[in-house]
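Asks: This is final.csv (CSV, C-alpha atoms).
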chain,number,residue,atom,x,y,z
A,1104,MET,CA,45.4,156.8,109.2
A,1105,VAL,CA,45.5,160.6,108.8
A,1106,ASP,CA,44.7,160.2,105.1
A,1107,CYS,CA,41.5,158.3,105.6
A,1108,LYS,CA,39.3,161.5,105.8
A,1109,ALA,CA,38.3,160.6,109.3
A,1110,PHE,CA,36.6,163.4,111.2
A,1111,GLY,CA,38.5,162.9,114.3
A,1112,ILE,CA,41.2,160.7,116.0
A,1113,THR,CA,41.7,160.0,119.6
A,1114,ALA,CA,45.4,159.8,120.5
A,1115,ILE,CA,45.9,157.6,122.4
A,1116,ASN,CA,44.0,154.9,124.3
A,1117,THR,CA,45.5,152.9,127.1
A,1118,ILE,CA,48.6,150.8,126.7
A,1119,PRO,CA,48.4,147.1,127.7
A,1120,GLY,CA,50.2,146.3,130.9
A,1121,ILE,CA,50.2,144.0,134.0
A,1122,ASN,CA,49.9,145.3,137.6
A,1123,ASP,CA,52.4,144.6,140.3
A,1124,SER,CA,51.8,141.4,142.3
A,1125,ASP,CA,51.3,141.6,146.1
A,1126,ASP,CA,53.8,140.8,148.8
A,1127,HIS,CA,52.8,137.1,148.6
A,1128,GLY,CA,53.2,136.8,144.9
A,1129,VAL,CA,49.5,136.9,144.1
A,1130,PRO,CA,48.7,138.9,140.9
A,1131,TYR,CA,46.2,141.8,141.0
A,1132,PRO,CA,43.5,141.8,139.8
A,1133,ASN,CA,43.0,138.0,140.0
A,1134,VAL,CA,40.2,135.8,138.9
A,1135,GLY,CA,39.1,132.3,140.2
A,1136,LYS,CA,40.8,129.8,142.4
A,1137,HIS,CA,43.9,129.8,140.2
A,1138,ASP,CA,44.4,133.6,140.6
A,1139,GLN,CA,44.5,134.2,136.9
A,1140,THR,CA,45.2,137.7,135.6
A,1141,ALA,CA,45.6,139.3,132.2
A,1142,PRO,CA,47.0,142.6,130.8
A,1143,GLY,CA,44.8,145.7,131.3
A,1144,GLY,CA,45.0,149.2,130.2
A,1145,VAL,CA,47.7,151.5,131.7
A,1146,ALA,CA,46.4,155.0,131.9
A,1147,GLY,CA,47.1,158.2,133.8
A,1148,ASP,CA,50.3,160.3,133.9
A,1149,ALA,CA,52.5,157.5,132.7
A,1150,LEU,CA,50.7,157.6,129.4
A,1151,ARG,CA,51.2,161.3,128.6
A,1152,PRO,CA,54.7,161.1,127.0
A,1153,PHE,CA,53.4,158.4,124.6
A,1154,ALA,CA,50.3,160.4,123.7
A,1155,THR,CA,52.5,163.4,123.0
A,1156,LYS,CA,54.7,161.5,120.7
A,1157,VAL,CA,51.8,160.1,118.7
A,1158,ILE,CA,50.1,163.5,118.4
A,1159,ALA,CA,53.3,165.2,117.3
A,1160,ASN,CA,54.1,162.5,114.8
A,1161,MET,CA,50.6,162.8,113.2
A,1162,ASN,CA,50.9,166.5,112.9
A,1163,LYS,CA,54.4,166.4,111.4
A,1164,TYR,CA,53.3,163.8,108.9
A,1165,MET,CA,50.3,165.9,107.8
A,1166,ALA,CA,52.5,169.0,107.5
A,1167,GLN,CA,55.2,167.2,105.4
A,1168,ASN,CA,52.7,165.4,103.1
A,1169,ASP,CA,50.3,168.3,102.6
A,1170,VAL,CA,47.2,166.5,103.9
A,1171,GLN,CA,44.2,168.4,102.7
A,1172,HIS,CA,41.6,167.2,105.2
A,1173,GLU,CA,43.2,167.2,108.6
A,1174,PRO,CA,41.1,165.4,111.3
A,1175,TYR,CA,40.5,166.8,114.7
A,1176,ILE,CA,42.9,165.3,117.1
A,1177,PHE,CA,41.6,164.6,120.6
A,1178,GLY,CA,44.6,164.3,123.0
A,1179,CYS,CA,44.0,161.6,125.6
A,1180,GLY,CA,46.3,160.2,128.2
A,1181,GLY,CA,47.5,161.6,131.5
A,1182,VAL,CA,45.5,164.9,131.4
A,1183,SER,CA,44.9,165.9,135.0
A,1184,THR,CA,45.8,169.6,135.0
A,1185,GLY,CA,45.2,172.6,132.7
A,1186,GLN,CA,49.0,172.7,132.0
A,1187,ASN,CA,48.8,169.0,130.8
A,1188,ALA,CA,46.0,170.0,128.4
A,1189,LEU,CA,48.0,173.0,127.1
A,1190,HIS,CA,51.0,170.8,126.6
A,1191,LEU,CA,49.1,168.4,124.3
A,1192,MET,CA,47.6,171.3,122.4
A,1193,ARG,CA,51.1,172.8,121.8
A,1194,TYR,CA,51.9,169.5,120.0
A,1195,GLY,CA,48.8,169.5,117.9
A,1196,ALA,CA,45.8,168.3,119.9
A,1197,HIS,CA,42.6,170.3,119.2
A,1198,ALA,CA,40.9,169.2,122.4
A,1199,VAL,CA,41.6,166.8,125.2
A,1200,GLN,CA,39.7,163.8,126.7
A,1201,ILE,CA,39.8,163.1,130.4
A,1202,CYS,CA,39.0,159.8,132.3
A,1203,SER,CA,41.5,158.8,134.9
A,1204,ALA,CA,41.6,162.2,136.6
A,1205,ILE,CA,37.8,162.1,137.0
A,1206,MET,CA,38.0,158.5,138.4
A,1207,GLU,CA,40.6,159.6,141.0
A,1208,ASN,CA,38.6,162.7,141.9
A,1209,ASP,CA,35.2,163.6,140.6
A,1210,PHE,CA,33.6,165.7,137.8
A,1211,SER,CA,34.4,168.9,139.7
A,1212,ILE,CA,38.0,168.5,138.4
A,1213,ILE,CA,36.7,169.7,135.0
A,1214,TYR,CA,36.3,173.2,136.5
A,1215,ASP,CA,39.9,173.0,138.0
A,1216,LEU,CA,41.2,172.0,134.5
A,1217,GLU,CA,39.3,174.9,132.8
A,1218,THR,CA,40.6,177.4,135.4
A,1219,GLY,CA,44.2,175.9,135.1
A,1220,LEU,CA,44.1,176.1,131.3
A,1221,LYS,CA,43.0,179.8,131.4
A,1222,GLN,CA,45.6,180.6,134.0
A,1223,SER,CA,48.4,178.9,131.9
A,1224,LEU,CA,47.3,180.8,128.8
A,1225,TYR,CA,47.2,184.1,130.7
A,1226,LEU,CA,50.6,183.7,132.3
A,1227,ASN,CA,52.1,183.1,128.9
A,1228,GLY,CA,50.4,186.1,127.4
A,1229,HIS,CA,47.8,184.3,125.4
A,1230,GLN,CA,44.0,184.8,125.1
A,1231,SER,CA,43.2,181.5,123.4
A,1232,VAL,CA,44.7,178.3,122.0
A,1233,GLN,CA,43.6,178.6,118.4
A,1234,ASN,CA,44.2,182.3,117.7
A,1235,ASP,CA,47.4,183.1,119.6
A,1236,GLY,CA,49.8,180.6,117.9
A,1237,VAL,CA,49.6,178.1,120.8
A,1238,HIS,CA,48.1,175.2,118.8
A,1239,LYS,CA,51.0,173.2,117.2
A,1240,ALA,CA,53.5,175.7,118.5
A,1241,LEU,CA,56.0,173.0,119.4
A,1242,ILE,CA,55.9,170.9,116.3
A,1243,LYS,CA,58.7,172.9,114.7
A,1244,ASN,CA,60.9,172.1,117.7
A,1245,ILE,CA,60.9,168.3,117.1
A,1246,ALA,CA,64.1,167.1,115.4
A,1247,HIS,CA,66.0,163.8,115.0
A,1248,VAL,CA,68.8,163.5,117.5
A,1249,THR,CA,71.4,163.4,114.7
A,1250,ASP,CA,70.2,166.8,113.4
A,1251,MET,CA,70.7,168.6,116.7
A,1252,ASP,CA,73.5,171.0,117.4
A,1253,VAL,CA,76.3,169.0,119.2
A,1254,HIS,CA,78.0,172.3,120.1
A,1255,ALA,CA,75.0,173.6,122.1
A,1256,ILE,CA,76.6,172.3,125.3
A,1257,LYS,CA,74.9,173.3,128.6
A,1258,VAL,CA,75.9,172.9,132.2
A,1259,ALA,CA,73.9,172.9,135.4
A,1260,HIS,CA,73.6,176.1,137.5
A,1261,VAL,CA,72.4,176.1,141.1
A,1262,ASP,CA,70.4,179.1,142.4
A,1263,ASN,CA,71.5,179.2,146.1
A,1264,ASP,CA,68.6,181.4,147.0
A,1265,LEU,CA,66.1,178.7,145.9
A,1266,CYS,CA,68.2,175.7,146.9
A,1267,ILE,CA,66.9,173.9,150.0
A,1268,ASN,CA,70.3,172.1,150.6
A,1269,CYS,CA,68.7,168.6,150.4
A,1270,GLY,CA,71.7,167.1,148.5
A,1271,LYS,CA,69.7,165.1,146.0
A,1272,CYS,CA,71.5,166.6,143.1
A,1273,TYR,CA,74.9,165.8,144.6
A,1274,LYS,CA,74.0,162.2,145.5
A,1275,SER,CA,72.5,161.5,142.0
A,1276,CYS,CA,75.5,163.0,140.2
A,1277,VAL,CA,78.0,161.1,142.4
A,1278,ASP,CA,76.3,157.7,142.2
A,1279,THR,CA,74.9,157.7,138.6
A,1280,GLY,CA,76.2,160.8,136.9
A,1281,TYR,CA,79.7,162.2,136.2
A,1282,GLN,CA,80.8,163.3,139.7
A,1283,ALA,CA,80.5,167.0,138.6
A,1284,ILE,CA,79.0,168.3,141.8
A,1285,GLU,CA,81.0,169.1,144.9
A,1286,TRP,CA,79.4,169.2,148.3
A,1287,ASP,CA,80.3,171.3,151.3
A,1288,ALA,CA,79.2,169.4,154.4
A,1289,ASP,CA,79.2,172.6,156.5
A,1290,THR,CA,77.2,174.9,154.3
A,1291,ARG,CA,75.3,172.1,152.5
A,1292,ILE,CA,75.7,174.0,149.3
A,1293,PRO,CA,76.2,172.1,146.1
A,1294,VAL,CA,78.8,173.5,143.6
A,1295,VAL,CA,78.8,172.4,140.0
A,1296,VAL,CA,82.2,171.9,138.4
A,1297,ASP,CA,81.7,173.2,134.8
A,1298,ASP,CA,84.7,171.3,133.5
A,1299,ASP,CA,83.3,168.0,134.7
A,1300,CYS,CA,79.6,168.6,133.9
A,1301,SER,CA,78.3,166.9,130.8
A,1302,GLY,CA,75.0,168.7,130.8
A,1303,CYS,CA,73.0,165.4,131.2
A,1304,GLY,CA,70.3,167.2,133.3
A,1305,LEU,CA,70.1,164.4,135.9
A,1306,CYS,CA,70.4,166.9,138.8
A,1307,LEU,CA,67.6,169.0,137.3
A,1308,ALA,CA,65.4,166.0,137.0
A,1309,VAL,CA,65.8,165.0,140.7
A,1310,CYS,CA,65.7,168.5,142.2
A,1311,PRO,CA,62.4,169.0,144.1
A,1312,ILE,CA,62.4,172.8,143.8
A,1313,LYS,CA,61.4,174.3,140.5
A,1314,ASN,CA,64.1,176.6,139.0
A,1315,ALA,CA,66.5,175.9,141.8
A,1316,ILE,CA,68.6,174.2,139.1
A,1317,THR,CA,68.7,175.4,135.5
A,1318,MET,CA,70.7,174.4,132.5
A,1319,VAL,CA,72.8,177.3,131.1
A,1320,GLN,CA,75.2,177.6,128.1
A,1321,ARG,CA,78.6,176.3,128.8
A,1322,PRO,CA,80.8,179.4,129.5
A,1323,ASP,CA,83.6,178.5,127.1
A,1324,GLY,CA,81.3,177.0,124.5
A,1325,ALA,CA,83.7,174.0,124.2
A,1326,MET,CA,82.8,170.4,123.6
A,1327,HIS,CA,82.8,168.3,126.7
A,1328,TYR,CA,84.9,165.1,126.7
A,1329,ILE,CA,84.2,162.7,129.5
A,1330,ASP,CA,87.2,161.1,131.1
A,1331,ARG,CA,86.5,157.4,131.1
A,1332,GLY,CA,90.0,156.5,132.2
A,1333,GLU,CA,92.0,154.0,130.2
A,1334,TYR,CA,89.3,153.8,127.6
A,1335,LYS,CA,89.0,157.5,126.9
A,1336,GLN,CA,91.5,157.5,123.9
A,1337,GLU,CA,89.8,154.5,122.3
A,1338,ILE,CA,86.4,156.2,122.6
A,1339,GLU,CA,87.6,159.5,121.1
A,1340,THR,CA,89.3,157.7,118.3
A,1341,LYS,CA,86.1,155.8,117.4
A,1342,TRP,CA,84.1,159.0,117.4
Before anything else, please render the file you have as structure tokens.

Replies:
Amino acid sequence: MVDCKAFGITAINTIPGINDSDDHGVPYPNVGKHDQTAPGGVAGDALRPFATKVIANMNKYMAQNDVQHEPYIFGCGGVSTGQNALHLMRYGAHAVQICSAIMENDFSIIYDLETGLKQSLYLNGHQSVQNDGVHKALIKNIAHVTDMDVHAIKVAHVDNDLCINCGKCYKSCVDTGYQAIEWDADTRIPVVVDDDCSGCGLCLAVCPIKNAITMVQRPDGAMHYIDRGEYKQEIETKW
């Protein structure tokens, strides 16, 4: 598509999906006496990761194949804040399109987006998207997982000054992680055990406070081997 000399490309439109049914098993939306339904377009925040991937892939393809006439790419999907817009531009969007955010609010959100974009640029020391190396800035960071440094092992670090002692990190790690966080019931302070932490980032994902948990380089720089009991030796041998 990027070789067709098109002036512009919108990436992306909605993705077909079917809504949840109600408590009585009736689909929504429904039509007629038989309550018929059909796939519709999924939009909003859920679409942004997919839009980012398509935009990044197009830009990587154009860079690798020396495309002479690059089309303008309009990032579309899940843009509701200035930070969202800047995110898509860092992966190669020249501009963004907005629909769902206006539907959920009104046209005044455009001014909020403009202010938010200017604020994000200012806080990162930039004056503009095009002239300060912001546009396409993250294309170089995309790599195939097999090309990544397997020795760049990180572990979770909890900032006790920011931690609100909610315990979400502990519960998620114990139930679905690698049991690498200990919990003091009296102080309600989570403690990460570096030797057990695999650096999966689950605790960071569920933490409700920004920067309360960060991923830092593993102190000893050593590879992490997960103890899977009697199957551990078999797994290590296969690898």

Asks: Just give me the gap between CA of Ile1121 in chain A and CA of Gln1139 in chain A in Å, one decimal is fine.

Replies: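 Distance between the two atoms: 11.7 Å.
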
Asks: So how far away is CA of Ala1149 in chain A from CA of Pro1130 in chain A, in Å?

Replies: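 Between CA of Pro1130 in chain A and CA of Ala1149 in chain A the gap works out to 20.7 Å.
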
Asks: Write out, as a Markdown table, each residue of range 1204-1272 of chain A that has an atom at most 9 Å from range 1156-1162 of chain A, together with the closest pair of atoms and their distance in Å to one decimal, counting all atoms listed in the file, rows going by chain and rising number.

Replies:
| residue | atom | partner | partner_atom | distance |
| --- | --- | --- | --- | --- |
| A:Lys1239 | CA | A:Asn1162 | CA | 8.0 |
| A:Leu1241 | CA | A:Ala1159 | CA | 8.5 |
| A:Ile1242 | CA | A:Ala1159 | CA | 6.3 |
| A:Ile1245 | CA | A:Ala1159 | CA | 8.2 |

Asks: May I ask which of the residues A:Gly1195, A:Val1309, A:Gly1302, A:Thr1117 is the closest one to Lys1243 in chain A, counting all atoms listed in the file?

Replies: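 Counting all atoms listed in the file, the residue closest to Lys1243 in chain A is A:Gly1195.
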
Asks: What lies within 12 Å of Cys1269 in chain A using only C-alpha atoms, ignoring chain neighbours under 2 positions off, as a PyMOL selection string?

Replies: chain A and resi 1263+1265-1267+1271-1275+1286-1288+1290-1293+1306+1309-1312+1315

Asks: Check the smallest atom-to-atom distance from each of A:Ile1112, A:Val1145, A:Ile1213, A:Leu1307 to Gly1178 in chain A using all atoms listed in the file, then report the winner.

Replies: A:Ile1112

Asks: Pick out the closest residue to Gly1219 in chain A from this set: A:Ile1284, A:Val1129, A:Val1182, A:Val1295. Count all atoms listed in the file.

Replies: A:Val1182

Asks: As an exercise, work out the distance from CA of Pro1142 in chain A to CA of Val1199 in chain A in Å and give it to one decimal place.

Replies: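 That distance, rounded to one decimal, is 25.4 Å.
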
Asks: Between A:Glu1173, A:Asp1126, A:Asp1264, A:Asp1148, which one has atoms that come closest to Lys1108 in chain A, using all atoms listed in the file?

Replies: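 Once distances to Lys1108 in chain A are computed over all atoms listed in the file, the minimum belongs to A:Glu1173.
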
Asks: Quick one: everything within 9 Å of Gly1147 in chain A, counting all atoms listed in the file, minus sequence neighbours fewer than 4 positions away in the same chain. Send it as a PDB file with C-alpha atoms, in the frame of the given file.

Replies:
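part35.pdb was written with the following content:
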ATOM      1  CA  THR A1117      45.500 152.900 127.100  1.00  0.00           C
ATOM      2  CA  ARG A1151      51.200 161.300 128.600  1.00  0.00           C
ATOM      3  CA  GLY A1180      46.300 160.200 128.200  1.00  0.00           C
ATOM      4  CA  GLY A1181      47.500 161.600 131.500  1.00  0.00           C
ATOM      5  CA  VAL A1182      45.500 164.900 131.400  1.00  0.00           C
ATOM      6  CA  SER A1183      44.900 165.900 135.000  1.00  0.00           C
ATOM      7  CA  CYS A1202      39.000 159.800 132.300  1.00  0.00           C
ATOM      8  CA  SER A1203      41.500 158.800 134.900  1.00  0.00           C
ATOM      9  CA  ALA A1204      41.600 162.200 136.600  1.00  0.00           C
TER      10      ALA A1204
END

Asks: Between A:Gln1233, A:Asn1314, A:Asn1168, A:Ser1301, single out the one closest to Ala1255 in chain A, counting only C-alpha atoms.

Replies: A:Ser1301

Asks: Return as lines of an AutoDock Vina configuration file the centre and edge lengths, in Å with one decimal, of the box along x, y and z that encloses every atom of range 1110-1122 of chain A in the file, padded by 8 Å per side.

Replies:
center_x = 43.4
center_y = 153.7
center_z = 124.4
size_x = 29.6
size_y = 35.4
size_z = 42.4
